[in-house]
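Participant: Input file: start-v5.cif. Contents: mmCIF, C-alpha atoms.
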```
data_coords
loop_
_atom_site.label_atom_id
_atom_site.label_comp_id
_atom_site.auth_asym_id
_atom_site.auth_seq_id
_atom_site.Cartn_x
_atom_site.Cartn_y
_atom_site.Cartn_z
CA SER A 8 26.84 -35.65 23.98
CA ASN A 9 29.94 -33.48 23.60
CA LEU A 10 32.72 -32.57 26.02
CA ASP A 11 32.34 -28.83 25.52
CA ARG A 12 28.73 -29.05 26.81
CA LEU A 13 29.87 -30.13 30.29
CA GLY A 14 31.34 -26.82 31.46
CA ARG A 15 32.09 -23.23 30.51
CA ASN A 16 35.83 -23.54 30.99
CA ALA A 17 38.57 -25.93 32.09
CA ARG A 18 38.18 -24.90 35.74
CA HIS A 19 34.47 -25.73 35.78
CA LEU A 20 35.16 -29.06 34.10
CA ALA A 21 37.84 -29.94 36.66
CA LYS A 22 35.39 -29.11 39.46
CA LEU A 23 32.78 -31.36 37.85
CA ARG A 24 35.29 -34.21 37.57
CA ASN A 25 36.17 -33.85 41.26
CA TRP A 26 32.48 -33.89 42.16
CA ALA A 27 32.00 -37.08 40.10
CA GLU A 28 34.84 -38.81 41.95
CA ASP A 29 33.59 -37.68 45.38
CA THR A 30 30.00 -38.81 44.79
CA GLY A 31 30.64 -41.98 42.80
CA VAL A 32 29.08 -40.61 39.59
CA LYS A 33 30.40 -41.66 36.19
CA LEU A 34 30.54 -39.05 33.43
CA VAL A 35 30.16 -40.52 29.94
CA VAL A 36 30.85 -38.42 26.84
CA ILE A 37 29.73 -39.58 23.40
CA SER A 38 31.95 -37.33 21.28
CA PRO A 39 34.80 -37.95 21.71
CA PRO A 40 34.20 -41.28 23.51
CA LEU A 41 35.41 -40.63 27.06
CA GLN A 42 34.45 -41.44 30.61
CA TRP A 43 35.40 -40.14 34.05
CA PRO A 44 36.74 -41.48 36.34
CA PRO A 45 39.04 -43.40 33.95
CA GLU A 46 40.12 -46.97 34.46
CA PRO A 47 42.92 -47.37 37.04
CA ASN A 48 45.62 -48.07 34.42
CA ASP A 49 44.35 -45.54 31.85
CA LEU A 50 47.03 -42.83 31.62
CA ALA A 51 45.85 -41.29 28.34
CA SER A 52 42.28 -40.30 29.30
CA PRO A 53 43.22 -37.67 31.96
CA ILE A 54 45.57 -35.99 29.45
CA ILE A 55 42.89 -36.03 26.75
CA TRP A 56 40.34 -34.55 29.18
CA ASP A 57 42.72 -31.69 30.06
CA VAL A 58 43.65 -30.90 26.46
CA LEU A 59 40.08 -30.99 25.14
CA ALA A 60 38.84 -28.89 28.07
CA ARG A 61 41.37 -26.20 27.20
CA LEU A 62 40.41 -26.37 23.52
CA ALA A 63 36.70 -26.06 24.40
CA GLU A 64 37.47 -23.03 26.61
CA TYR A 65 39.47 -21.42 23.80
CA GLU A 66 36.64 -21.99 21.31
CA LEU A 67 34.09 -20.47 23.68
CA ASN A 68 36.23 -17.36 24.11
CA ALA A 69 36.70 -17.13 20.34
CA ILE A 70 32.93 -17.32 19.81
CA LYS A 71 32.36 -14.55 22.37
CA GLN A 72 34.95 -12.34 20.68
CA ARG A 73 33.44 -12.93 17.23
CA SER A 74 29.94 -12.19 18.53
CA ALA A 75 31.07 -8.99 20.25
CA ALA A 76 32.92 -7.87 17.11
CA THR A 77 29.84 -8.57 14.98
CA ARG A 78 27.57 -6.59 17.31
CA ALA A 79 30.02 -3.69 17.37
CA TYR A 80 30.25 -3.67 13.57
CA LEU A 81 26.47 -3.70 13.16
CA SER A 82 26.02 -0.88 15.68
CA GLU A 83 28.73 1.27 14.11
CA HIS A 84 27.13 0.95 10.67
CA GLY A 85 23.56 1.67 11.78
CA PHE A 86 22.27 -1.90 11.58
CA LEU A 87 19.85 -3.56 13.99
CA VAL A 88 21.31 -5.39 16.98
CA GLY A 89 19.15 -7.30 19.46
CA LYS A 90 15.43 -7.79 19.84
CA PRO A 91 12.79 -5.22 18.93
CA PRO A 92 11.39 -3.11 21.79
CA PHE A 93 7.69 -3.31 22.65
CA GLY A 94 5.57 -1.72 19.93
CA PHE A 95 8.00 -2.47 17.09
CA ARG A 96 8.82 -5.31 14.73
CA VAL A 97 11.88 -6.30 12.69
CA VAL A 98 11.71 -5.68 8.92
CA PRO A 99 14.29 -6.04 6.12
CA LEU A 100 16.00 -2.96 4.74
CA ASP A 101 18.35 -3.41 1.78
CA ASP A 102 20.94 -5.95 2.94
CA HIS A 103 20.21 -5.74 6.67
CA LYS A 104 17.34 -5.32 9.14
CA THR A 105 15.72 -2.40 10.90
CA LEU A 106 12.66 -1.59 13.01
CA GLU A 107 9.24 -0.22 12.24
CA PRO A 108 6.11 0.32 14.39
CA ASP A 109 3.99 -2.80 14.80
CA PRO A 110 0.45 -1.85 13.65
CA THR A 111 -1.14 -4.25 16.15
CA LEU A 112 0.67 -2.66 19.13
CA VAL A 113 0.84 1.01 18.13
CA PRO A 114 -2.68 1.78 19.50
CA TYR A 115 -1.68 0.38 22.90
CA VAL A 116 1.60 2.31 23.01
CA ILE A 117 -0.24 5.53 22.19
CA GLY A 118 -2.94 4.59 24.70
CA MET A 119 -0.35 4.05 27.43
CA ALA A 120 1.18 7.47 26.77
CA ASP A 121 -2.18 9.26 26.55
CA ARG A 122 -3.52 7.63 29.71
CA TYR A 123 -0.42 8.55 31.70
CA LEU A 124 -0.48 12.14 30.45
CA ARG A 125 -4.13 12.32 31.55
CA GLY A 126 -3.05 11.42 35.08
CA GLU A 127 -3.75 7.67 35.23
CA SER A 128 -1.41 5.63 37.40
CA LEU A 129 0.93 2.94 36.12
CA THR A 130 -1.20 0.41 37.98
CA ALA A 131 -4.34 1.52 36.15
CA ILE A 132 -2.51 1.23 32.82
CA CYS A 133 -1.38 -2.30 33.75
CA GLU A 134 -4.97 -3.30 34.52
CA TRP A 135 -6.15 -1.80 31.23
CA LEU A 136 -3.53 -3.75 29.24
CA ASP A 137 -4.38 -6.99 31.08
CA ALA A 138 -8.08 -6.43 30.40
CA GLU A 139 -7.33 -5.88 26.70
CA GLY A 140 -5.41 -9.14 26.54
CA VAL A 141 -2.14 -7.48 25.50
CA ARG A 142 0.80 -9.76 26.21
CA PRO A 143 3.53 -8.20 28.41
CA PRO A 144 7.21 -8.29 27.37
CA ALA A 145 7.85 -11.20 29.75
CA TRP A 146 5.31 -13.40 27.98
CA GLU A 147 7.64 -14.56 25.19
CA ALA A 148 10.26 -15.96 27.58
CA TRP A 149 7.51 -17.54 29.73
CA SER A 150 5.92 -19.23 26.69
CA LYS A 151 9.21 -20.93 25.77
CA LEU A 152 9.46 -22.72 29.11
CA LYS A 153 8.27 -26.30 29.39
CA ALA A 154 4.74 -26.61 30.72
CA GLY A 155 5.89 -28.15 34.00
CA LYS A 156 8.37 -25.32 34.69
CA ARG A 157 6.02 -22.43 34.01
CA GLY A 158 4.74 -20.34 36.86
CA PRO A 159 1.61 -18.17 36.57
CA GLU A 160 1.18 -16.49 33.21
CA PRO A 161 2.96 -13.12 33.45
CA ILE A 162 0.91 -9.96 33.77
CA TRP A 163 1.80 -6.34 33.23
CA SER A 164 3.91 -4.64 35.88
CA GLN A 165 4.46 -0.97 36.66
CA LYS A 166 8.16 -1.36 35.85
CA SER A 167 7.45 -2.74 32.37
CA VAL A 168 5.10 0.13 31.54
CA SER A 169 7.55 2.72 32.86
CA GLN A 170 10.43 1.26 30.86
CA ILE A 171 8.38 1.32 27.67
CA LEU A 172 7.28 4.92 28.19
CA ARG A 173 10.87 6.02 28.85
CA ASN A 174 12.39 4.19 25.87
CA PRO A 175 13.69 6.62 23.18
CA ALA A 176 12.61 4.00 20.65
CA LEU A 177 9.19 5.66 20.87
CA ILE A 178 10.65 8.54 18.83
CA GLY A 179 12.66 6.25 16.55
CA ARG A 180 16.00 6.16 18.36
CA ARG A 181 17.91 3.18 19.69
CA LYS A 182 20.67 4.32 22.02
CA GLN A 183 23.68 2.62 23.60
CA GLY A 184 25.42 5.66 24.99
CA LYS A 185 24.85 7.25 21.60
CA THR A 186 22.23 6.77 18.90
CA THR A 187 23.08 3.55 17.05
CA LEU A 188 19.93 3.18 14.93
CA THR A 189 17.20 5.47 13.63
CA PHE A 190 13.80 4.29 12.38
CA PRO A 191 10.18 5.51 12.24
CA GLY A 192 8.87 6.29 15.72
CA ILE A 193 5.42 6.09 17.30
CA LEU A 194 5.34 9.40 19.21
CA ASP A 195 6.49 12.85 18.15
CA VAL A 196 9.37 14.47 20.05
CA ALA A 197 7.19 17.07 21.81
CA LYS A 198 4.81 14.45 23.20
CA PHE A 199 7.71 12.22 24.26
CA ARG A 200 9.27 15.12 26.20
CA ARG A 201 5.98 15.86 27.97
CA LEU A 202 5.79 12.21 28.87
CA GLN A 203 9.30 12.21 30.39
CA ILE A 204 8.49 15.31 32.44
CA ALA A 205 5.32 13.66 33.74
CA LEU A 206 7.25 10.50 34.68
CA ASP A 207 10.03 12.46 36.40
CA THR A 208 7.69 14.70 38.38
CA ASN A 209 5.22 12.01 39.43
CA PRO A 210 5.34 11.86 43.26
CA ARG A 211 4.39 8.18 43.08
CA ARG A 212 7.18 7.18 40.66
CA ARG A 213 8.83 4.90 43.24
CA GLY A 214 5.74 2.72 43.20
CA ALA A 215 2.46 3.87 41.79
CA VAL A 216 -0.65 2.77 43.62
CA SER A 217 -4.16 2.43 42.34
CA SER A 218 -6.44 5.36 43.06
CA GLU A 219 -9.16 2.86 43.97
CA PRO A 220 -7.63 0.04 46.01
CA ALA A 221 -9.74 -3.07 46.39
CA MET A 222 -11.47 -3.64 49.72
CA LEU A 223 -9.31 -6.61 50.75
CA THR A 224 -5.95 -5.34 49.48
CA GLY A 225 -3.24 -6.51 51.89
CA VAL A 226 -5.73 -8.69 53.75
CA ILE A 227 -6.83 -11.55 51.55
CA VAL A 228 -4.59 -14.62 51.22
CA CYS A 229 -4.99 -17.80 49.20
CA ALA A 230 -6.89 -20.65 50.88
CA LEU A 231 -4.81 -23.21 48.94
CA CYS A 232 -1.23 -22.03 49.47
CA GLY A 233 -1.47 -19.09 51.89
CA ARG A 234 0.20 -16.57 49.56
CA VAL A 235 -0.88 -12.99 48.96
CA MET A 236 -3.73 -12.35 46.51
CA HIS A 237 -4.01 -9.22 44.35
CA LYS A 238 -6.89 -7.60 42.51
CA ARG A 239 -6.94 -8.33 38.80
CA ASN A 240 -9.36 -8.28 35.89
CA SER A 241 -10.32 -11.63 34.39
CA ILE A 242 -11.25 -11.82 30.71
CA THR A 243 -13.74 -14.24 29.20
CA ARG A 244 -14.01 -14.40 25.43
CA ARG A 245 -17.47 -15.08 24.08
CA LYS A 246 -18.20 -17.13 20.97
CA ASP A 247 -18.95 -13.99 19.00
CA GLY A 248 -15.42 -12.71 19.70
CA SER A 249 -16.41 -10.09 22.27
CA LYS A 250 -14.82 -9.88 25.72
CA TYR A 251 -16.36 -9.91 29.17
CA VAL A 252 -14.20 -8.46 31.94
CA TYR A 253 -14.95 -9.05 35.62
CA PRO A 254 -12.83 -8.16 38.68
CA ILE A 255 -11.19 -10.91 40.70
CA TYR A 256 -8.57 -11.54 43.35
CA ARG A 257 -5.82 -13.82 42.04
CA CYS A 258 -3.12 -15.69 43.92
CA ASP A 259 0.12 -14.21 42.57
CA GLY A 260 2.31 -14.39 45.65
CA THR A 261 5.37 -12.16 45.73
CA PRO A 262 8.38 -11.85 43.37
CA ARG A 263 10.49 -13.89 45.80
CA GLU A 264 7.70 -16.35 46.55
CA PRO A 265 5.48 -16.58 43.47
CA SER A 266 2.30 -18.61 43.50
CA THR A 267 1.92 -21.81 41.50
CA CYS A 268 -1.77 -22.56 42.16
CA ARG A 269 -3.21 -19.46 40.43
CA ASN A 270 -6.28 -19.61 42.63
CA THR A 271 -8.90 -16.92 41.89
CA VAL A 272 -12.12 -15.65 43.47
CA LYS A 273 -14.58 -13.06 42.19
CA ARG A 274 -14.18 -9.80 44.07
CA ALA A 275 -17.93 -9.26 44.28
CA ASP A 276 -18.44 -12.67 45.90
CA ILE A 277 -15.69 -12.48 48.52
CA GLU A 278 -16.25 -8.81 49.37
CA GLY A 279 -19.94 -9.48 49.78
#
```
How would this structure read if it were set down as structure tokens?

Facilitator:
Amino acid sequence: SNLDRLGRNARHLAKLRNWAEDTGVKLVVISPPLQWPPEPNDLASPIIWDVLARLAEYELNAIKQRSAATRAYLSEHGFLVGKPPFGFRVVPLDDHKTLEPDPTLVPYVIGMADRYLRGESLTAICEWLDAEGVRPPAWEAWSKLKAGKRGPEPIWSQKSVSQILRNPALIGRRKQGKTTLTFPGILDVAKFRRLQIALDTNPRRRGAVSSEPAMLTGVIVCALCGRVMHKRNSITRRKDGSKYVYPIYRCDGTPREPSTCRNTVKRADIEG
């Protein structure tokens, strides 16, 4: 609809114009009314394309500079910049915004910390969160994708849990080299320090494994697409609001080759 939506800068736009000529594609812009390739005797259109491409590039750079300056100003004055970390929500404070613990997520943040301090693995914590129906940080971005472009619904990963447990936001500090924002935390400083020591000294920190691997771990593959299947917990919600959790193998694939069929089988059935 607009020329500045065709490319990030004049160089990209020139490359797109060359591609259009080479492949016989016509580019039509609504505002301003332009087309490429131009008519054989049209001398004005190429000049207009070049000038407007440079203006669009200049405006993009100006927007980036204004955004960076705004973020720097907010950080320097102790105002909120960016999205809230897991366990927190954005709330107004005077003439700006800040963070506070989210009451619906605080029990799970505390539960994650307590379970890890008791010696549970990151994998076990992931399975607990999945069984509780807690949405992982990746869920929001996944939910905004169009239905046809969505892969399997995201589940908790060891990396996500580790990042949350290491985040100084748990004690009310947002840091970008230095503390840029203070707000009420979820954990006290002493508990947070114990948690960091436990994470740093865990011999399995490069990839925690479950203390009770499923029988067919590394063996079972999907009958529909041939990808790797992993043990998971499936949740069924009854009419009375209660949950029923039963163990399954689900077709997840790998990060480089994720599954799209989401095939599942009950672990009891297939192991039997």

Participant: When the PyMOL selection byres ((chain A and resi 160) around 10) is applied to the file above, which residues end up in the set, as JSON, numbers by chain?

Facilitator: {"A": [142, 143, 145, 146, 149, 150, 157, 158, 159, 161, 162, 259, 267, 269]}

Participant: Could those selected residues go to a file with C-alpha atoms, as a compact mmCIF listing (two decimals), in the coordinates of the input?

Facilitator:
```
# COMPACT_ATOMS: atom_id res chain seq x y z
CA ARG A 142 0.80 -9.76 26.21
CA PRO A 143 3.53 -8.20 28.41
CA ALA A 145 7.85 -11.20 29.75
CA TRP A 146 5.31 -13.40 27.98
CA TRP A 149 7.51 -17.54 29.73
CA SER A 150 5.92 -19.23 26.69
CA ARG A 157 6.02 -22.43 34.01
CA GLY A 158 4.74 -20.34 36.86
CA PRO A 159 1.61 -18.17 36.57
CA PRO A 161 2.96 -13.12 33.45
CA ILE A 162 0.91 -9.96 33.77
CA ASP A 259 0.12 -14.21 42.57
CA THR A 267 1.92 -21.81 41.50
CA ARG A 269 -3.21 -19.46 40.43
```

Participant: How many Å separate CA of Tyr123 (chain A) from CA of Val141 (chain A)?

Facilitator: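 Between CA of Tyr123 (chain A) and CA of Val141 (chain A) the gap is 17.3 Å.
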
Participant: Please write the residues picked by the PyMOL selection byres ((chain A and resi 173) around 12) on this file as JSON, numbers by chain.

Facilitator: {"A": [92, 93, 116, 119, 120, 123, 166, 167, 168, 169, 170, 171, 172, 174, 175, 176, 177, 178, 180, 181, 194, 198, 199, 200, 201, 202, 203, 204, 205, 206, 207]}

Participant: Go ahead and compute the interatomic distance for CA of Asp49 (chain A) and CA of Glu28 (chain A), in Å to one decimal.

Facilitator: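 Calculated distance between CA of Asp49 (chain A) and CA of Glu28 (chain A) is 15.4 Å.
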
Participant: Counting only C-alpha atoms, which of A:Lys33, A:Trp163, A:Ala60, A:Ala51 gets nearest to Arg18 (chain A)?

Facilitator: A:Ala60

Participant: For the provided coordinates, the residues matched by the PyMOL selection byres ((chain A and resi 255) around 7) should be stated as a list in words.

Facilitator: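 What the PyMOL selection byres ((chain A and resi 255) around 7) grabs from the file is Lys238, Arg239, Asn240, Ser241, Tyr253, Pro254, Tyr256, Arg257, Thr271, Val272, Lys273 and Arg274 of chain A.
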
Participant: Could you tell me, as a PyMOL selection string, which residues have any atom at most 7 Å from (39.0, -32.5, 27.9), counting all atoms listed in the file?

Facilitator: chain A and resi 10+55-61

Participant: What is the CA of Val36 (chain A) to CA of Tyr65 (chain A) distance in Å?

Facilitator: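 Pair CA of Val36 (chain A) / CA of Tyr65 (chain A) returns 19.3 Å.
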
Participant: Determine, counting all atoms listed in the file, which protein, DNA and RNA residues have an atom within 9 Å of an atom of Tyr251 (chain A); residues of the same chain fewer than 4 positions away are not included. Present the result as a PyMOL selection string.

Facilitator: chain A and resi 241-245

Participant: Tell me, as a count of residues only, which residues lie within 6 Å of Gly94 (chain A), counting only C-alpha atoms; anything in the same chain fewer than 6 positions away does not count.

Facilitator: 4

Participant: Once N, CA, C and O atoms are restored for region 17-39 of chain A, what would the output be as a PDB file, keeping the file's coordinate frame?

Facilitator:
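Saved the output as rebuild-v7.pdb:
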```
ATOM      1  N   ALA A  17      37.832 -24.784  31.557  1.00  0.00           N
ATOM      2  CA  ALA A  17      38.570 -25.930  32.090  1.00  0.00           C
ATOM      3  C   ALA A  17      38.423 -26.026  33.611  1.00  0.00           C
ATOM      4  O   ALA A  17      38.387 -27.125  34.173  1.00  0.00           O
ATOM      5  N   ARG A  18      38.317 -24.880  34.276  1.00  0.00           N
ATOM      6  CA  ARG A  18      38.180 -24.900  35.740  1.00  0.00           C
ATOM      7  C   ARG A  18      36.853 -25.522  36.147  1.00  0.00           C
ATOM      8  O   ARG A  18      36.798 -26.328  37.086  1.00  0.00           O
ATOM      9  N   HIS A  19      35.773 -25.147  35.465  1.00  0.00           N
ATOM     10  CA  HIS A  19      34.470 -25.730  35.780  1.00  0.00           C
ATOM     11  C   HIS A  19      34.473 -27.235  35.524  1.00  0.00           C
ATOM     12  O   HIS A  19      33.884 -28.013  36.280  1.00  0.00           O
ATOM     13  N   LEU A  20      35.126 -27.639  34.436  1.00  0.00           N
ATOM     14  CA  LEU A  20      35.160 -29.060  34.100  1.00  0.00           C
ATOM     15  C   LEU A  20      35.956 -29.846  35.133  1.00  0.00           C
ATOM     16  O   LEU A  20      35.583 -30.966  35.511  1.00  0.00           O
ATOM     17  N   ALA A  21      37.055 -29.271  35.621  1.00  0.00           N
ATOM     18  CA  ALA A  21      37.840 -29.940  36.660  1.00  0.00           C
ATOM     19  C   ALA A  21      37.028 -30.086  37.940  1.00  0.00           C
ATOM     20  O   ALA A  21      37.084 -31.123  38.613  1.00  0.00           O
ATOM     21  N   LYS A  22      36.240 -29.055  38.278  1.00  0.00           N
ATOM     22  CA  LYS A  22      35.390 -29.110  39.460  1.00  0.00           C
ATOM     23  C   LYS A  22      34.331 -30.201  39.313  1.00  0.00           C
ATOM     24  O   LYS A  22      34.018 -30.920  40.270  1.00  0.00           O
ATOM     25  N   LEU A  23      33.787 -30.330  38.097  1.00  0.00           N
ATOM     26  CA  LEU A  23      32.780 -31.360  37.850  1.00  0.00           C
ATOM     27  C   LEU A  23      33.396 -32.752  37.963  1.00  0.00           C
ATOM     28  O   LEU A  23      32.774 -33.673  38.511  1.00  0.00           O
ATOM     29  N   ARG A  24      34.613 -32.908  37.469  1.00  0.00           N
ATOM     30  CA  ARG A  24      35.290 -34.210  37.570  1.00  0.00           C
ATOM     31  C   ARG A  24      35.546 -34.564  39.036  1.00  0.00           C
ATOM     32  O   ARG A  24      35.364 -35.718  39.452  1.00  0.00           O
ATOM     33  N   ASN A  25      35.953 -33.586  39.834  1.00  0.00           N
ATOM     34  CA  ASN A  25      36.170 -33.850  41.260  1.00  0.00           C
ATOM     35  C   ASN A  25      34.873 -34.250  41.949  1.00  0.00           C
ATOM     36  O   ASN A  25      34.850 -35.152  42.792  1.00  0.00           O
ATOM     37  N   TRP A  26      33.786 -33.554  41.582  1.00  0.00           N
ATOM     38  CA  TRP A  26      32.480 -33.890  42.160  1.00  0.00           C
ATOM     39  C   TRP A  26      32.089 -35.324  41.806  1.00  0.00           C
ATOM     40  O   TRP A  26      31.550 -36.064  42.631  1.00  0.00           O
ATOM     41  N   ALA A  27      32.342 -35.729  40.539  1.00  0.00           N
ATOM     42  CA  ALA A  27      32.000 -37.080  40.100  1.00  0.00           C
ATOM     43  C   ALA A  27      32.764 -38.128  40.913  1.00  0.00           C
ATOM     44  O   ALA A  27      32.207 -39.153  41.318  1.00  0.00           O
ATOM     45  N   GLU A  28      34.040 -37.862  41.163  1.00  0.00           N
ATOM     46  CA  GLU A  28      34.840 -38.810  41.950  1.00  0.00           C
ATOM     47  C   GLU A  28      34.331 -38.875  43.388  1.00  0.00           C
ATOM     48  O   GLU A  28      34.227 -39.964  43.971  1.00  0.00           O
ATOM     49  N   ASP A  29      34.007 -37.720  43.970  1.00  0.00           N
ATOM     50  CA  ASP A  29      33.590 -37.680  45.380  1.00  0.00           C
ATOM     51  C   ASP A  29      32.238 -38.339  45.606  1.00  0.00           C
ATOM     52  O   ASP A  29      31.972 -38.880  46.685  1.00  0.00           O
ATOM     53  N   THR A  30      31.364 -38.296  44.611  1.00  0.00           N
ATOM     54  CA  THR A  30      30.000 -38.810  44.790  1.00  0.00           C
ATOM     55  C   THR A  30      29.771 -40.154  44.101  1.00  0.00           C
ATOM     56  O   THR A  30      28.670 -40.689  44.165  1.00  0.00           O
ATOM     57  N   GLY A  31      30.791 -40.691  43.453  1.00  0.00           N
ATOM     58  CA  GLY A  31      30.640 -41.980  42.800  1.00  0.00           C
ATOM     59  C   GLY A  31      29.844 -41.932  41.509  1.00  0.00           C
ATOM     60  O   GLY A  31      29.242 -42.937  41.107  1.00  0.00           O
ATOM     61  N   VAL A  32      29.814 -40.774  40.845  1.00  0.00           N
ATOM     62  CA  VAL A  32      29.080 -40.610  39.590  1.00  0.00           C
ATOM     63  C   VAL A  32      30.046 -40.813  38.426  1.00  0.00           C
ATOM     64  O   VAL A  32      31.206 -40.373  38.479  1.00  0.00           O
ATOM     65  N   LYS A  33      29.579 -41.479  37.382  1.00  0.00           N
ATOM     66  CA  LYS A  33      30.400 -41.660  36.190  1.00  0.00           C
ATOM     67  C   LYS A  33      29.916 -40.720  35.096  1.00  0.00           C
ATOM     68  O   LYS A  33      28.729 -40.688  34.764  1.00  0.00           O
ATOM     69  N   LEU A  34      30.840 -39.938  34.560  1.00  0.00           N
ATOM     70  CA  LEU A  34      30.540 -39.050  33.430  1.00  0.00           C
ATOM     71  C   LEU A  34      30.897 -39.774  32.139  1.00  0.00           C
ATOM     72  O   LEU A  34      32.024 -40.247  31.979  1.00  0.00           O
ATOM     73  N   VAL A  35      29.946 -39.846  31.216  1.00  0.00           N
ATOM     74  CA  VAL A  35      30.160 -40.520  29.940  1.00  0.00           C
ATOM     75  C   VAL A  35      29.925 -39.522  28.818  1.00  0.00           C
ATOM     76  O   VAL A  35      28.856 -38.909  28.739  1.00  0.00           O
ATOM     77  N   VAL A  36      30.925 -39.332  27.968  1.00  0.00           N
ATOM     78  CA  VAL A  36      30.850 -38.420  26.840  1.00  0.00           C
ATOM     79  C   VAL A  36      30.791 -39.233  25.555  1.00  0.00           C
ATOM     80  O   VAL A  36      31.557 -40.178  25.369  1.00  0.00           O
ATOM     81  N   ILE A  37      29.888 -38.851  24.659  1.00  0.00           N
ATOM     82  CA  ILE A  37      29.730 -39.580  23.400  1.00  0.00           C
ATOM     83  C   ILE A  37      30.783 -39.147  22.388  1.00  0.00           C
ATOM     84  O   ILE A  37      31.376 -39.969  21.686  1.00  0.00           O
ATOM     85  N   SER A  38      31.015 -37.828  22.276  1.00  0.00           N
ATOM     86  CA  SER A  38      31.950 -37.330  21.280  1.00  0.00           C
ATOM     87  C   SER A  38      32.890 -36.320  21.922  1.00  0.00           C
ATOM     88  O   SER A  38      32.434 -35.251  22.350  1.00  0.00           O
ATOM     89  N   PRO A  39      34.185 -36.656  22.018  1.00  0.00           N
ATOM     90  CA  PRO A  39      34.800 -37.950  21.710  1.00  0.00           C
ATOM     91  C   PRO A  39      34.458 -38.971  22.801  1.00  0.00           C
ATOM     92  O   PRO A  39      34.075 -38.569  23.905  1.00  0.00           O
TER      93      PRO A  39
END
```
